[in-house]
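Asks: This structure is in structure tokens; I'll ask about it shortly.
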Protein chains: 2
Amino acid sequence: MHNPAMNTMTTSNDYEQQLRQAGVRITRQRRIILNILSDSEDHPDALEIFRRAVEIDNSISLSTVYRTMKLLEEQGAIHRHAFNGGPSRFEHAGSDHHDHIIDMESGDVVEFHSEKIERLQEEIARELGYEIVHHRLELYCRKIKK
Amino acid sequence: MHNPAMNTMTTSNDYEQQLRQAGVRITRQRRIILNILSDSEDHPDALEIFRRAVEIDNSISLSTVYRTMKLLEEQGAIHRHAFNGGPSRFEHAGSDHHDHIIDMESGDVVEFHSEKIERLQEEIARELGYEIVHHRLELYCRKIKK
DNA sequence: GTTTATGCAAAACGTTTGCACCCTC
DNA sequence: GAGGGTGCAAACGTTTTGCATAAAC
């Protein structure tokens, strides 16, 4: 896909522009973290992001990672998860909403989406007098052995 | 040391028997905590359980609360939640499984259950090669204003 | 009497914050 | 140049742990 006019891809450059528009300064550190996040297929925690960042710039600090994660969360650029009540793990707020299967043996995270479940959630909340702001659906699973 | 048949107990007596059967010693502290849990309509965290326990026995310690919560969780007697990534909050593992609506303004927790959602979850997991061990569904909501 | 639980204090853990200096706009 | 961002170290809130004592079985 190579169409400079139609920019539907989520590169960290896009995010930089959006963040700039929101009045966020793009520092060297923030750029590094944004790149790490858009390159990540997994759901790293702050320490792991810090480790990956240090390989690019060994002067970066863990506090900056934490501060940046909070900022990006507020800007809606990332999502924060607390699987198993463990440390926060982050992912790029890509295009589509999705939920998570957590492999209890490996810790791997698989994403899925069910429009049916989403609708049922809305229905249930509405019946109880609530509107959903956001939700969290996590399936803690084991691989089925064949 | 004799075993009085009469003990001013609530429903936690059932739990005591089950725990005894599992080889768990019923100490004064554990009895107090079990009572607090079966009396609680809300989802208190460890500190709140500690506060309630101190009113009954002011020599109880916070470590004992934490150790007991871990034990009871392992025994399947309670469930642990980490709403919003905050401190663990606990509830008696009552009869039925249910999920949670968290009122974002008040912090109140409303319980609900949807057999349809449960079935859809199973279906999705199976299709991806997983079996669900347990799951977590939390709807972070605002009250609808009329 | 043996085994296990407790209380206390200290440590561990993930995260936030105060401050002096540095960089982006 | 002004205002916000950074690194560092120290503080934080939650949870765990080592150890000597106490209680359950």
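Residue numbering restarts at 1 for every chain of the structure tokens, chains are lettered A, B, ... in their displayed order, and ligands are numbered from 1 as they appear.
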Could you list the residues in chain D lying within 12 Å of chain B, using only C-alpha atoms (C1' of nucleotides), and format the result as a short mmCIF file (atom, residue, chain, number, x, y, z; two decimals) with C-alpha atoms (C1' of nucleotides), in the first residue's frame?

Replies:
```cif
data_model
loop_
_atom_site.label_atom_id
_atom_site.label_comp_id
_atom_site.auth_asym_id
_atom_site.auth_seq_id
_atom_site.Cartn_x
_atom_site.Cartn_y
_atom_site.Cartn_z
"C1'" DG D 13 0.66 3.19 48.17
"C1'" DT D 14 0.09 -1.61 47.88
"C1'" DT D 15 1.72 -6.02 48.74
"C1'" DT D 16 5.13 -9.51 50.29
"C1'" DT D 17 8.46 -11.46 53.39
"C1'" DA D 22 1.71 -17.76 69.61
"C1'" DA D 23 -2.04 -20.60 68.48
"C1'" DA D 24 -4.46 -24.66 66.10
"C1'" DC D 25 -4.70 -29.28 65.55
#
```

Asks: Chain A: which residues are alpha helix (DSSP H) by DSSP, as a PyMOL selection string?

Replies: chain A and resi 12-21+28-39+46-56+62-74+115-127

Asks: Pairing every C-alpha atom in order, fit chain A onto chain B and give me the RMSD in Å.

Replies: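 Here the RMSD amounts to 4.9 Å.
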
Asks: Give me, as a list in words, the contact residues of chain A against chain B at a cut-off of 7 Å, counting only C-alpha atoms.

Replies: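 Within 7 Å of chain B on chain A, we get Ala82, Gly85, Ile117, Gly129, Tyr130, Glu131, Ile132, Val133, His134, His135, Arg136, Leu137, Glu138, Leu139, Tyr140, Cys141, Arg142, Lys143 and Ile144 of chain A.
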
Asks: Could you save those same residues with N, CA and C atoms as a short mmCIF file (atom, residue, chain, number, x, y, z; two decimals), in the first residue's frame?

Replies:
```cif
data_model
loop_
_atom_site.label_atom_id
_atom_site.label_comp_id
_atom_site.auth_asym_id
_atom_site.auth_seq_id
_atom_site.Cartn_x
_atom_site.Cartn_y
_atom_site.Cartn_z
N ALA A 82 -4.42 -3.80 32.62
CA ALA A 82 -3.83 -4.34 33.86
C ALA A 82 -4.19 -5.80 33.96
N GLY A 85 -4.25 -8.02 37.19
CA GLY A 85 -3.89 -7.10 38.25
C GLY A 85 -2.41 -6.80 38.29
N ILE A 117 -21.21 -9.28 21.17
CA ILE A 117 -20.97 -9.05 22.60
C ILE A 117 -21.07 -7.57 22.92
N GLY A 129 -29.71 1.33 33.59
CA GLY A 129 -29.65 2.78 33.75
C GLY A 129 -28.26 3.37 33.55
N TYR A 130 -27.40 2.65 32.86
CA TYR A 130 -26.04 3.14 32.65
C TYR A 130 -25.70 3.26 31.17
N GLU A 131 -24.78 4.16 30.88
CA GLU A 131 -24.18 4.16 29.55
C GLU A 131 -22.70 3.84 29.71
N ILE A 132 -22.21 2.99 28.79
CA ILE A 132 -20.84 2.52 28.90
C ILE A 132 -19.87 3.59 28.40
N VAL A 133 -18.88 3.92 29.20
CA VAL A 133 -17.83 4.84 28.77
C VAL A 133 -16.71 4.03 28.11
N HIS A 134 -16.28 2.98 28.78
CA HIS A 134 -15.40 2.01 28.15
C HIS A 134 -15.57 0.70 28.88
N HIS A 135 -15.01 -0.35 28.32
CA HIS A 135 -15.15 -1.63 29.00
C HIS A 135 -13.87 -2.44 28.84
N ARG A 136 -13.84 -3.52 29.59
CA ARG A 136 -12.69 -4.39 29.59
C ARG A 136 -13.20 -5.81 29.58
N LEU A 137 -12.81 -6.56 28.55
CA LEU A 137 -13.20 -7.97 28.50
C LEU A 137 -11.95 -8.79 28.28
N GLU A 138 -11.63 -9.62 29.24
CA GLU A 138 -10.41 -10.41 29.17
C GLU A 138 -10.75 -11.87 29.41
N LEU A 139 -10.32 -12.72 28.49
CA LEU A 139 -10.52 -14.16 28.65
C LEU A 139 -9.18 -14.79 29.01
N TYR A 140 -9.09 -15.33 30.21
CA TYR A 140 -7.86 -15.99 30.66
C TYR A 140 -7.98 -17.45 30.27
N CYS A 141 -7.11 -17.87 29.37
CA CYS A 141 -7.30 -19.15 28.68
C CYS A 141 -6.08 -20.06 28.72
N ARG A 142 -6.38 -21.31 28.40
CA ARG A 142 -5.34 -22.31 28.12
C ARG A 142 -5.51 -22.77 26.69
N LYS A 143 -4.41 -23.08 26.03
CA LYS A 143 -4.48 -23.62 24.68
C LYS A 143 -5.14 -24.99 24.72
N ILE A 144 -6.04 -25.25 23.80
CA ILE A 144 -6.65 -26.59 23.70
C ILE A 144 -5.65 -27.53 23.06
#
```

Asks: Quick check: residues of chain C within 12 Å of chain A, only C-alpha atoms (C1' of nucleotides), returned as a ChimeraX atom specification.

Replies: /C:13-17,22-25

Asks: Kindly give the distance, in Å, that separates atom CA of Leu19 of chain A and atom CA of His79 of chain A, rounded to a single decimal.

Replies: 15.5 Å

Asks: Which residues, written as JSON, numbers by chain, have at least one atom at most 6 Å from Leu62 of chain A, with only C-alpha atoms (C1' of nucleotides) counted and residues fewer than 2 positions away on the same chain left out?

Replies: {"A": [50, 64, 65]}
